[in-house]
$ cat coords_16.cif   # mmCIF, C-alpha atoms, pLDDT in the B column; chains and numbers go by the auth columns
data_run
#
loop_
_atom_site.group_PDB
_atom_site.id
_atom_site.type_symbol
_atom_site.label_atom_id
_atom_site.label_comp_id
_atom_site.label_asym_id
_atom_site.label_seq_id
_atom_site.Cartn_x
_atom_site.Cartn_y
_atom_site.Cartn_z
_atom_site.B_iso_or_equiv
_atom_site.auth_seq_id
_atom_site.auth_asym_id
ATOM 1 C CA MET A 1 84.618 154.230 114.811 41.00 1 A
ATOM 2 C CA SER A 2 84.265 152.145 111.700 42.00 2 A
ATOM 3 C CA ARG A 3 80.970 150.478 110.889 43.00 3 A
ATOM 4 C CA PRO A 4 80.497 147.088 109.422 42.00 4 A
ATOM 5 C CA ARG A 5 80.488 147.253 105.671 45.00 5 A
ATOM 6 C CA GLN A 6 77.106 146.560 104.149 44.00 6 A
ATOM 7 C CA GLN A 7 76.415 144.434 101.126 43.00 7 A
ATOM 8 C CA PRO A 8 75.335 146.370 97.994 43.00 8 A
ATOM 9 C CA SER A 9 71.784 145.223 98.541 44.00 9 A
ATOM 10 C CA GLY A 10 71.835 146.661 102.012 43.00 10 A
ATOM 11 C CA ARG A 11 71.418 143.223 103.577 46.00 11 A
ATOM 12 C CA ARG A 12 73.927 141.426 105.719 49.00 12 A
ATOM 13 C CA ALA A 13 75.872 138.630 104.063 48.00 13 A
ATOM 14 C CA ARG A 14 74.492 135.179 104.899 52.00 14 A
ATOM 15 C CA THR A 15 76.543 132.054 105.175 55.00 15 A
ATOM 16 C CA ARG A 16 75.136 129.522 102.775 59.00 16 A
ATOM 17 C CA LYS A 17 74.278 126.311 104.599 64.00 17 A
ATOM 18 C CA GLN A 18 74.309 122.882 103.062 62.00 18 A
ATOM 19 C CA PRO A 19 70.881 121.282 103.276 66.00 19 A
ATOM 20 C CA ALA A 20 70.811 118.682 106.026 81.00 20 A
ATOM 21 C CA LYS A 21 69.498 115.990 103.698 84.00 21 A
ATOM 22 C CA VAL A 22 69.269 115.544 99.972 89.00 22 A
ATOM 23 C CA ALA A 23 66.308 113.751 98.427 89.00 23 A
ATOM 24 C CA ILE A 24 67.087 110.971 95.992 90.00 24 A
ATOM 25 C CA THR A 25 64.829 108.893 93.790 91.00 25 A
ATOM 26 C CA LEU A 26 65.126 105.154 94.122 91.00 26 A
ATOM 27 C CA ARG A 27 63.524 102.642 91.790 93.00 27 A
ATOM 28 C CA LEU A 28 63.129 99.102 93.037 94.00 28 A
ATOM 29 C CA GLY A 29 61.194 96.037 91.990 95.00 29 A
ATOM 30 C CA SER A 30 57.757 95.662 93.570 95.00 30 A
ATOM 31 C CA GLU A 31 58.715 92.409 95.274 95.00 31 A
ATOM 32 C CA GLN A 32 61.808 94.029 96.779 94.00 32 A
ATOM 33 C CA VAL A 33 59.717 96.948 97.987 95.00 33 A
ATOM 34 C CA ARG A 34 57.224 94.555 99.553 96.00 34 A
ATOM 35 C CA ARG A 35 60.025 92.781 101.417 95.00 35 A
ATOM 36 C CA LEU A 36 61.579 96.048 102.513 95.00 36 A
ATOM 37 C CA GLN A 37 58.205 97.281 103.769 95.00 37 A
ATOM 38 C CA ALA A 38 57.748 94.083 105.755 95.00 38 A
ATOM 39 C CA ALA A 39 61.238 94.390 107.240 93.00 39 A
ATOM 40 C CA ALA A 40 60.636 98.059 108.083 94.00 40 A
ATOM 41 C CA LYS A 41 57.311 97.236 109.735 94.00 41 A
ATOM 42 C CA ALA A 42 58.964 94.524 111.813 92.00 42 A
ATOM 43 C CA GLU A 43 61.400 97.122 113.133 91.00 43 A
ATOM 44 C CA ASN A 44 58.653 99.699 113.586 92.00 44 A
ATOM 45 C CA ARG A 45 60.254 102.055 111.085 93.00 45 A
ATOM 46 C CA SER A 46 59.077 103.866 108.017 95.00 46 A
ATOM 47 C CA LEU A 47 60.285 102.445 104.715 94.00 47 A
ATOM 48 C CA THR A 48 62.382 105.554 104.126 93.00 48 A
ATOM 49 C CA ASN A 49 64.000 105.309 107.534 93.00 49 A
ATOM 50 C CA TYR A 50 64.651 101.612 107.068 93.00 50 A
ATOM 51 C CA VAL A 51 66.374 102.129 103.702 93.00 51 A
ATOM 52 C CA GLU A 52 68.382 105.050 105.074 91.00 52 A
ATOM 53 C CA THR A 53 69.512 102.986 108.057 89.00 53 A
ATOM 54 C CA ALA A 54 70.500 100.067 105.811 88.00 54 A
ATOM 55 C CA LEU A 55 72.555 102.335 103.581 88.00 55 A
ATOM 56 C CA LEU A 56 74.259 104.009 106.534 85.00 56 A
ATOM 57 C CA ARG A 57 75.044 100.584 107.992 80.00 57 A
ATOM 58 C CA ASP A 58 76.666 99.594 104.711 77.00 58 A
ATOM 59 C CA LEU A 59 78.773 102.746 104.716 77.00 59 A
ATOM 60 C CA SER A 60 79.795 102.031 108.291 72.00 60 A
ATOM 61 C CA HIS A 61 80.897 98.504 107.327 69.00 61 A
ATOM 62 C CA ARG A 62 82.920 99.954 104.489 70.00 62 A
ATOM 63 C CA ASP A 63 84.653 102.356 106.861 70.00 63 A
ATOM 64 C CA GLU A 64 85.307 99.603 109.361 66.00 64 A
ATOM 65 C CA ALA A 65 86.696 97.230 106.741 66.00 65 A
ATOM 66 C CA ALA A 66 89.029 99.929 105.553 67.00 66 A
ATOM 67 C CA ARG A 67 90.064 100.726 109.107 70.00 67 A
ATOM 68 C CA VAL A 68 90.628 97.244 110.528 80.00 68 A
ATOM 69 C CA ILE A 69 94.197 97.351 109.307 87.00 69 A
ATOM 70 C CA THR A 70 96.043 100.490 108.275 89.00 70 A
ATOM 71 C CA MET A 71 98.744 99.696 105.754 92.00 71 A
ATOM 72 C CA TYR A 72 101.547 101.997 104.713 94.00 72 A
ATOM 73 C CA ALA A 73 103.437 100.921 101.623 94.00 73 A
ATOM 74 C CA ALA A 74 106.789 102.572 100.998 94.00 74 A
ATOM 75 C CA PRO A 75 107.415 103.601 97.384 93.00 75 A
ATOM 76 C CA GLY A 76 108.732 100.734 95.318 89.00 76 A
ATOM 77 C CA THR A 77 107.545 97.927 97.592 93.00 77 A
ATOM 78 C CA SER A 78 105.778 94.989 95.973 92.00 78 A
ATOM 79 C CA PRO A 79 101.972 94.900 96.072 91.00 79 A
ATOM 80 C CA HIS A 80 102.095 91.096 96.544 91.00 80 A
ATOM 81 C CA ILE A 81 104.632 88.530 97.627 93.00 81 A
ATOM 82 C CA ARG A 82 104.928 84.891 96.636 93.00 82 A
ATOM 83 C CA PRO A 83 104.735 82.330 99.464 94.00 83 A
ATOM 84 C CA GLU A 84 108.079 80.848 98.482 93.00 84 A
ATOM 85 C CA ASP A 85 109.736 84.248 98.921 93.00 85 A
ATOM 86 C CA VAL A 86 108.755 84.602 102.584 94.00 86 A
ATOM 87 C CA ALA A 87 111.941 84.292 104.620 91.00 87 A
ATOM 88 C CA ARG A 88 111.957 81.514 107.200 89.00 88 A
ATOM 89 C CA ARG A 89 113.284 82.084 110.700 86.00 89 A
ATOM 90 C CA GLU A 90 116.060 79.823 111.892 84.00 90 A
ATOM 91 C CA GLY A 91 114.620 76.966 113.924 85.00 91 A
ATOM 92 C CA GLU A 92 111.003 77.820 112.958 87.00 92 A
ATOM 93 C CA SER A 93 108.827 74.719 112.808 89.00 93 A
ATOM 94 C CA GLU A 94 107.175 73.759 109.537 92.00 94 A
ATOM 95 C CA GLN A 95 103.715 74.490 110.939 91.00 95 A
ATOM 96 C CA ALA A 96 104.665 77.829 112.471 89.00 96 A
ATOM 97 C CA TYR A 97 106.351 78.873 109.241 92.00 97 A
ATOM 98 C CA ALA A 98 103.350 77.820 107.141 93.00 98 A
ATOM 99 C CA GLU A 99 100.955 79.840 109.358 92.00 99 A
ATOM 100 C CA ARG A 100 103.166 82.903 109.321 93.00 100 A
ATOM 101 C CA ARG A 101 103.869 82.611 105.589 94.00 101 A
ATOM 102 C CA ASP A 102 100.157 82.422 104.695 94.00 102 A
ATOM 103 C CA LEU A 103 99.353 85.301 107.007 94.00 103 A
ATOM 104 C CA LEU A 104 102.152 87.392 105.554 95.00 104 A
ATOM 105 C CA VAL A 105 101.042 86.759 101.974 95.00 105 A
ATOM 106 C CA GLU A 106 97.521 87.891 102.876 93.00 106 A
ATOM 107 C CA LEU A 107 98.641 90.901 104.893 94.00 107 A
ATOM 108 C CA TRP A 108 100.948 91.905 102.085 94.00 108 A
ATOM 109 C CA SER A 109 98.080 92.020 99.620 92.00 109 A
ATOM 110 C CA ILE A 110 96.210 94.640 101.678 89.00 110 A
ATOM 111 C CA PRO A 111 96.414 97.807 99.621 84.00 111 A
ATOM 112 C CA ASP A 112 97.992 100.994 100.843 85.00 112 A
ATOM 113 C CA SER A 113 95.498 102.800 103.083 78.00 113 A
ATOM 114 C CA GLU A 114 96.304 106.189 101.525 69.00 114 A
ATOM 115 C CA MET B 1 116.438 91.631 111.129 82.00 1 B
ATOM 116 C CA VAL B 2 114.652 88.357 111.545 91.00 2 B
ATOM 117 C CA PRO B 3 110.906 87.758 112.001 93.00 3 B
ATOM 118 C CA GLY B 4 109.986 88.452 115.619 94.00 4 B
ATOM 119 C CA ALA B 5 112.573 91.209 115.991 96.00 5 B
ATOM 120 C CA PHE B 6 111.874 94.559 117.631 97.00 6 B
ATOM 121 C CA VAL B 7 113.877 96.951 115.522 97.00 7 B
ATOM 122 C CA ARG B 8 114.573 100.671 115.239 97.00 8 B
ATOM 123 C CA VAL B 9 112.685 101.969 112.212 97.00 9 B
ATOM 124 C CA LEU B 10 111.635 105.292 110.742 97.00 10 B
ATOM 125 C CA PHE B 11 107.973 104.322 110.659 96.00 11 B
ATOM 126 C CA PRO B 12 105.860 106.353 108.201 93.00 12 B
ATOM 127 C CA THR B 13 103.328 108.788 109.587 89.00 13 B
ATOM 128 C CA GLN B 14 99.775 109.630 108.579 83.00 14 B
ATOM 129 C CA GLU B 15 100.970 113.064 107.481 84.00 15 B
ATOM 130 C CA LYS B 16 103.813 111.733 105.299 87.00 16 B
ATOM 131 C CA PRO B 17 102.911 108.123 104.577 89.00 17 B
ATOM 132 C CA ARG B 18 105.422 107.682 101.750 90.00 18 B
ATOM 133 C CA ARG B 19 108.489 108.955 103.561 92.00 19 B
ATOM 134 C CA PRO B 20 110.581 107.680 106.455 95.00 20 B
ATOM 135 C CA GLY B 21 108.951 109.074 109.571 92.00 21 B
ATOM 136 C CA LEU B 22 109.879 109.346 113.215 88.00 22 B
ATOM 137 C CA LEU B 23 112.199 106.881 114.887 93.00 23 B
ATOM 138 C CA HIS B 24 110.159 104.141 116.544 92.00 24 B
ATOM 139 C CA ILE B 25 110.641 100.579 117.549 96.00 25 B
ATOM 140 C CA GLY B 26 108.807 98.337 115.111 97.00 26 B
ATOM 141 C CA TYR B 27 107.983 94.665 115.261 98.00 27 B
ATOM 142 C CA VAL B 28 109.035 92.613 112.231 97.00 28 B
ATOM 143 C CA LEU B 29 106.312 90.174 111.233 96.00 29 B
ATOM 144 C CA GLY B 30 108.436 88.900 108.371 94.00 30 B
ATOM 145 C CA GLY B 31 109.079 89.561 104.744 93.00 31 B
ATOM 146 C CA THR B 32 111.315 88.723 101.855 93.00 32 B
ATOM 147 C CA ALA B 33 115.047 89.149 101.381 92.00 33 B
ATOM 148 C CA SER B 34 114.518 92.760 100.288 94.00 34 B
ATOM 149 C CA GLU B 35 111.338 93.922 102.076 95.00 35 B
ATOM 150 C CA ALA B 36 109.864 93.683 105.568 96.00 36 B
ATOM 151 C CA LEU B 37 106.383 93.961 107.046 96.00 37 B
ATOM 152 C CA VAL B 38 106.626 95.934 110.270 97.00 38 B
ATOM 153 C CA ALA B 39 104.031 96.656 112.963 97.00 39 B
ATOM 154 C CA TYR B 40 104.010 99.969 114.810 95.00 40 B
ATOM 155 C CA THR B 41 104.771 100.399 118.496 96.00 41 B
ATOM 156 C CA THR B 42 104.421 103.438 120.705 93.00 42 B
ATOM 157 C CA SER B 43 105.089 104.241 124.313 92.00 43 B
ATOM 158 C CA GLN B 44 102.265 106.788 124.313 88.00 44 B
ATOM 159 C CA PRO B 45 99.649 105.437 126.751 83.00 45 B
ATOM 160 C CA TRP B 46 96.228 104.604 125.373 80.00 46 B
ATOM 161 C CA PRO B 47 93.533 107.033 126.588 76.00 47 B
ATOM 162 C CA THR B 48 91.822 105.506 129.612 76.00 48 B
ATOM 163 C CA ASP B 49 88.340 106.390 128.379 73.00 49 B
ATOM 164 C CA ALA B 50 88.793 104.830 124.913 75.00 50 B
ATOM 165 C CA PRO B 51 88.358 101.111 124.276 78.00 51 B
ATOM 166 C CA ILE B 52 91.496 99.325 123.132 82.00 52 B
ATOM 167 C CA PRO B 53 90.991 98.261 119.510 80.00 53 B
ATOM 168 C CA ALA B 54 91.481 94.715 118.290 85.00 54 B
ATOM 169 C CA GLY B 55 95.054 94.262 117.180 90.00 55 B
ATOM 170 C CA VAL B 56 96.622 96.152 120.057 91.00 56 B
ATOM 171 C CA ARG B 57 98.876 94.280 122.507 93.00 57 B
ATOM 172 C CA LEU B 58 99.855 96.047 125.718 92.00 58 B
ATOM 173 C CA PHE B 59 103.270 95.533 127.283 94.00 59 B
ATOM 174 C CA GLY B 60 103.613 96.645 130.902 92.00 60 B
ATOM 175 C CA ALA B 61 106.847 97.809 132.456 94.00 61 B
ATOM 176 C CA GLU B 62 108.055 94.307 133.278 95.00 62 B
ATOM 177 C CA ALA B 63 107.203 92.818 129.884 96.00 63 B
ATOM 178 C CA ALA B 64 108.790 95.835 128.192 96.00 64 B
ATOM 179 C CA ALA B 65 111.984 95.407 130.223 96.00 65 B
ATOM 180 C CA GLN B 66 112.208 91.783 129.129 96.00 66 B
ATOM 181 C CA LEU B 67 112.261 93.114 125.567 96.00 67 B
ATOM 182 C CA ASN B 68 115.000 95.633 126.414 96.00 68 B
ATOM 183 C CA GLN B 69 112.602 98.564 126.393 95.00 69 B
ATOM 184 C CA SER B 70 112.652 101.117 129.155 93.00 70 B
ATOM 185 C CA ARG B 71 108.968 102.042 129.115 93.00 71 B
ATOM 186 C CA PRO B 72 105.611 100.285 128.804 94.00 72 B
ATOM 187 C CA PHE B 73 104.425 100.284 125.211 95.00 73 B
ATOM 188 C CA LEU B 74 101.638 99.303 122.821 94.00 74 B
ATOM 189 C CA LEU B 75 102.177 97.081 119.823 96.00 75 B
ATOM 190 C CA ARG B 76 99.716 97.976 117.038 94.00 76 B
ATOM 191 C CA LEU B 77 99.225 94.979 114.789 95.00 77 B
ATOM 192 C CA ASP B 78 96.508 97.029 113.096 92.00 78 B
ATOM 193 C CA VAL B 79 99.060 99.586 111.885 93.00 79 B
ATOM 194 C CA LEU B 80 101.521 98.030 109.460 95.00 80 B
ATOM 195 C CA ALA B 81 104.106 99.163 106.960 96.00 81 B
ATOM 196 C CA LYS B 82 105.682 97.422 103.988 96.00 82 B
ATOM 197 C CA LEU B 83 109.233 98.751 103.882 96.00 83 B
ATOM 198 C CA PRO B 84 112.374 98.082 101.881 96.00 84 B
ATOM 199 C CA ARG B 85 115.223 96.682 103.976 95.00 85 B
ATOM 200 C CA THR B 86 117.362 99.767 103.459 95.00 86 B
ATOM 201 C CA ALA B 87 119.114 102.240 105.728 95.00 87 B
ATOM 202 C CA GLU B 88 116.651 104.888 104.552 96.00 88 B
ATOM 203 C CA TRP B 89 113.968 103.183 106.646 97.00 89 B
ATOM 204 C CA PHE B 90 116.094 101.187 109.103 97.00 90 B
ATOM 205 C CA PRO B 91 118.793 103.697 110.077 96.00 91 B
ATOM 206 C CA ASP B 92 120.889 101.201 112.053 95.00 92 B
ATOM 207 C CA LEU B 93 120.932 98.572 109.349 94.00 93 B
ATOM 208 C CA GLY B 94 124.685 99.004 108.926 92.00 94 B
ATOM 209 C CA ARG B 95 125.423 98.332 112.582 94.00 95 B
ATOM 210 C CA HIS B 96 126.375 94.882 113.762 93.00 96 B
ATOM 211 C CA ASP B 97 122.955 94.438 115.468 94.00 97 B
ATOM 212 C CA GLN B 98 121.077 96.039 112.526 94.00 98 B
ATOM 213 C CA GLY B 99 119.125 98.111 115.057 95.00 99 B
ATOM 214 C CA VAL B 100 117.478 95.074 116.612 96.00 100 B
ATOM 215 C CA ILE B 101 116.508 95.824 120.223 95.00 101 B
ATOM 216 C CA ALA B 102 115.219 92.371 121.133 96.00 102 B
ATOM 217 C CA ILE B 103 113.712 89.266 119.642 95.00 103 B
ATOM 218 C CA ALA B 104 110.345 88.097 120.915 95.00 104 B
ATOM 219 C CA PRO B 105 110.375 84.625 122.439 94.00 105 B
ATOM 220 C CA PRO B 106 108.578 81.974 120.334 91.00 106 B
ATOM 221 C CA GLU B 107 105.431 81.955 122.533 92.00 107 B
ATOM 222 C CA LEU B 108 105.038 85.706 122.148 95.00 108 B
ATOM 223 C CA GLN B 109 105.634 85.455 118.407 94.00 109 B
ATOM 224 C CA SER B 110 102.870 82.850 118.162 92.00 110 B
ATOM 225 C CA GLU B 111 100.530 85.044 120.179 95.00 111 B
ATOM 226 C CA LEU B 112 101.208 88.033 117.945 96.00 112 B
ATOM 227 C CA ILE B 113 100.701 85.976 114.796 94.00 113 B
ATOM 228 C CA GLY B 114 97.363 84.859 116.283 93.00 114 B
ATOM 229 C CA ILE B 115 96.283 88.448 116.931 94.00 115 B
ATOM 230 C CA ALA B 116 97.222 89.456 113.386 94.00 116 B
ATOM 231 C CA ALA B 117 95.414 86.412 111.958 93.00 117 B
ATOM 232 C CA ASN B 118 92.245 87.376 113.856 91.00 118 B
ATOM 233 C CA LEU B 119 92.437 90.865 112.455 91.00 119 B
ATOM 234 C CA VAL B 120 92.836 89.532 108.920 89.00 120 B
ATOM 235 C CA ARG B 121 89.834 87.226 109.413 87.00 121 B
ATOM 236 C CA ARG B 122 87.745 90.107 110.721 84.00 122 B
ATOM 237 C CA ARG B 123 88.752 92.276 107.802 81.00 123 B
ATOM 238 C CA ARG B 124 88.004 89.478 105.326 79.00 124 B
ATOM 239 C CA GLU B 125 84.513 89.020 106.785 78.00 125 B
ATOM 240 C CA LEU B 126 83.798 92.713 106.556 77.00 126 B
ATOM 241 C CA VAL B 127 85.074 92.884 103.000 72.00 127 B
ATOM 242 C CA GLN B 128 82.900 89.900 102.047 67.00 128 B
ATOM 243 C CA MET B 129 79.916 91.563 103.704 64.00 129 B
ATOM 244 C CA ARG B 130 80.471 94.446 101.327 57.00 130 B
ATOM 245 C CA GLY B 131 80.355 92.085 98.386 57.00 131 B
ATOM 246 C CA PRO B 132 82.785 91.634 95.502 49.00 132 B
#
$ encode --input "coords_16.cif" --output "structure tokens"
Amino acid sequence: MSRPRQQPSGRRARTRKQPAKVAITLRLGSEQVRRLQAAAKAENRSLTNYVETALLRDLSHRDEAARVITMYAAPGTSPHIRPEDVARREGESEQAYAERRDLLVELWSIPDSE
Amino acid sequence: MVPGAFVRVLFPTQEKPRRPGLLHIGYVLGGTASEALVAYTTSQPWPTDAPIPAGVRLFGAEAAAQLNQSRPFLLRLDVLAKLPRTAEWFPDLGRHDQGVIAIAPPELQSELIGIAANLVRRRRELVQMRGP
């Protein structure tokens, strides 16, 4: 029966874990700190927890903004289109065309999600 | 392949976003003479325990049949593709119907434009919240 191979030191190999949190240093103006402390107190949080929550909320907004619309752009397609190039449907009213054209121009400008 | 058309398209996938993907029915929001903006559809049912995201329009069996589709489906206005109007992406482009399955009636087209416009507004607000 084979035995587990030991490390040269005689100790078992350990999997190195990432620390759960990394400390960072943040320098802010005293007035900003005062306002943040007041906001944290109003929410019954520590200043550190308040700042952490605010930063995580910002990251969440970034993720959500990126996710609201997923856009795939095939190679060679234009990053933008001009309003006058948007094809009009036969029988489409002026107002309906204008709404769709403006929407299309804006949608078209959304960058590739990849 | 006019705006409002449901059309057979090789919609790109998350795994291979730059290449023609699996054959799906897409909804043409519009485009130029050479390119089209297409929304994704799928007949895979949405999980019952997951909320339906903004930008998704459900079509039951009856509504699907009116659009010449045999099964209920989801239209994902939150999943879009900018594609060249070529046979590489629209395999039936050379056929007389250009692969068009059905054309949405004007009221449905307006509704879908409204859903897409709401999504764009929501995205714009979130982007502004992030700052320039």
$ residues_near_point --input "coords_16.cif" --point "(102.0, 85.3, 97.0)" --cutoff "9 Å" --atoms "all atoms listed in the file" --output "JSON, numbers by chain"
{"A": [80, 81, 82, 83, 84, 85, 86, 102, 104, 105, 106, 108, 109]}
$ residues_around --input "coords_16.cif" --residues "Arg89 of chain A" --least-positions-apart "6" --cutoff "10 Å" --atoms "all atoms listed in the file" --output "JSON, numbers by chain"
{"A": [96, 97], "B": [2, 3, 4, 30]}
$ interface_residues --input "coords_16.cif" --of "chain B" --to "chain A" --cutoff "6 Å" --atoms "all atoms listed in the file" --output "PyMOL selection string"
chain B and resi 18+31-32+78-83+123+126-127
$ atom_distance --input "coords_16.cif" --atom1 "atom CA of Thr48 of chain B" --atom2 "atom CA of Val7 of chain B"
27.5 Å
$ closest_residue --input "coords_16.cif" --among "B:Pro105, B:Gly114, B:Gly26, B:Pro17" --to "Phe90 of chain B" --atoms "all atoms listed in the file"
B:Gly26
$ resolve_selection --input "coords_16.cif" --expression "the PyMOL selection byres ((chain A and resi 45-54) around 12)" --output "PyMOL selection string"
chain A and resi 21-26+28+32-44+55-61
$ write_last_selection --input "coords_16.cif" --atoms "C-alpha atoms" --output "short mmCIF file (atom, residue, chain, number, x, y, z; two decimals), in the frame of the given file"
data_model
loop_
_atom_site.label_atom_id
_atom_site.label_comp_id
_atom_site.auth_asym_id
_atom_site.auth_seq_id
_atom_site.Cartn_x
_atom_site.Cartn_y
_atom_site.Cartn_z
CA LYS A 21 69.50 115.99 103.70
CA VAL A 22 69.27 115.54 99.97
CA ALA A 23 66.31 113.75 98.43
CA ILE A 24 67.09 110.97 95.99
CA THR A 25 64.83 108.89 93.79
CA LEU A 26 65.13 105.15 94.12
CA LEU A 28 63.13 99.10 93.04
CA GLN A 32 61.81 94.03 96.78
CA VAL A 33 59.72 96.95 97.99
CA ARG A 34 57.22 94.56 99.55
CA ARG A 35 60.02 92.78 101.42
CA LEU A 36 61.58 96.05 102.51
CA GLN A 37 58.20 97.28 103.77
CA ALA A 38 57.75 94.08 105.76
CA ALA A 39 61.24 94.39 107.24
CA ALA A 40 60.64 98.06 108.08
CA LYS A 41 57.31 97.24 109.74
CA ALA A 42 58.96 94.52 111.81
CA GLU A 43 61.40 97.12 113.13
CA ASN A 44 58.65 99.70 113.59
CA LEU A 55 72.56 102.34 103.58
CA LEU A 56 74.26 104.01 106.53
CA ARG A 57 75.04 100.58 107.99
CA ASP A 58 76.67 99.59 104.71
CA LEU A 59 78.77 102.75 104.72
CA SER A 60 79.80 102.03 108.29
CA HIS A 61 80.90 98.50 107.33
#
$ atom_distance --input "coords_16.cif" --atom1 "atom CA of Leu22 of chain B" --atom2 "atom CA of Val9 of chain B"
8.0 Å
$ atom_distance --input "coords_16.cif" --atom1 "atom CA of Ala61 of chain B" --atom2 "atom CA of Thr42 of chain B"
13.3 Å
$ resolve_selection --input "coords_16.cif" --expression "the PyMOL selection byres ((chain B and resi 104) around 10)" --output "JSON, numbers by chain"
{"B": [3, 4, 5, 6, 27, 28, 66, 67, 101, 102, 103, 105, 106, 107, 108, 109, 110, 112]}
$ resolve_selection --input "coords_16.cif" --expression "the PyMOL selection byres ((chain B and resi 34) around 7)" --output "list in words"
Thr32, Ala33, Glu35, Pro84 and Arg85 of chain B
$ residues_around --input "coords_16.cif" --residues "segment 94-99 of chain B" --least-positions-apart "5" --cutoff "8 Å" --atoms "only C-alpha atoms" --output "PyMOL selection string"
chain B and resi 1+7-8+87
$ axis_aligned_box --input "coords_16.cif" --around "segment 107-119 of chain B" --padding-each-side "5 Å" --output "AutoDock Vina command-line options"
--center_x 98.9 --center_y 86.4 --center_z 117.2 --size_x 23.4 --size_y 18.9 --size_z 20.6
$ build_atoms --input "coords_16.cif" --residues "segment 40-57 of chain B" --atoms "N, CA and C atoms" --output "compact mmCIF listing (two decimals), keeping the file's coordinate frame"
# COMPACT_ATOMS: atom_id res chain seq x y z
N TYR B 40 103.67 98.74 114.09
CA TYR B 40 104.01 99.97 114.81
C TYR B 40 103.97 99.75 116.32
N THR B 41 104.89 100.36 117.03
CA THR B 41 104.77 100.40 118.50
C THR B 41 104.90 101.84 118.96
N THR B 42 104.31 102.10 120.12
CA THR B 42 104.42 103.44 120.70
C THR B 42 104.41 103.32 122.22
N SER B 43 105.12 104.22 122.85
CA SER B 43 105.09 104.24 124.31
C SER B 43 104.06 105.25 124.83
N GLN B 44 103.36 105.90 123.90
CA GLN B 44 102.26 106.79 124.31
C GLN B 44 101.15 105.95 124.92
N PRO B 45 100.71 106.26 126.15
CA PRO B 45 99.65 105.44 126.75
C PRO B 45 98.33 105.60 126.02
N TRP B 46 97.55 104.54 126.01
CA TRP B 46 96.23 104.60 125.37
C TRP B 46 95.28 105.40 126.28
N PRO B 47 94.45 106.27 125.73
CA PRO B 47 93.53 107.03 126.59
C PRO B 47 92.66 106.09 127.43
N THR B 48 92.53 106.42 128.70
CA THR B 48 91.82 105.51 129.61
C THR B 48 90.34 105.39 129.28
N ASP B 49 89.78 106.43 128.66
CA ASP B 49 88.34 106.39 128.38
C ASP B 49 88.02 105.81 127.00
N ALA B 50 89.05 105.38 126.26
CA ALA B 50 88.79 104.83 124.91
C ALA B 50 89.05 103.33 124.92
N PRO B 51 88.14 102.56 124.31
CA PRO B 51 88.36 101.11 124.28
C PRO B 51 89.59 100.77 123.44
N ILE B 52 90.30 99.74 123.87
CA ILE B 52 91.50 99.32 123.13
C ILE B 52 91.05 98.54 121.91
N PRO B 53 91.46 98.96 120.72
CA PRO B 53 90.99 98.26 119.51
C PRO B 53 91.61 96.87 119.36
N ALA B 54 90.93 96.03 118.60
CA ALA B 54 91.48 94.72 118.29
C ALA B 54 92.80 94.93 117.56
N GLY B 55 93.78 94.11 117.86
CA GLY B 55 95.05 94.26 117.18
C GLY B 55 96.09 95.01 118.00
N VAL B 56 95.67 95.45 119.19
CA VAL B 56 96.62 96.15 120.06
C VAL B 56 97.05 95.22 121.19
N ARG B 57 98.35 95.10 121.40
CA ARG B 57 98.88 94.28 122.51
C ARG B 57 99.62 95.22 123.45
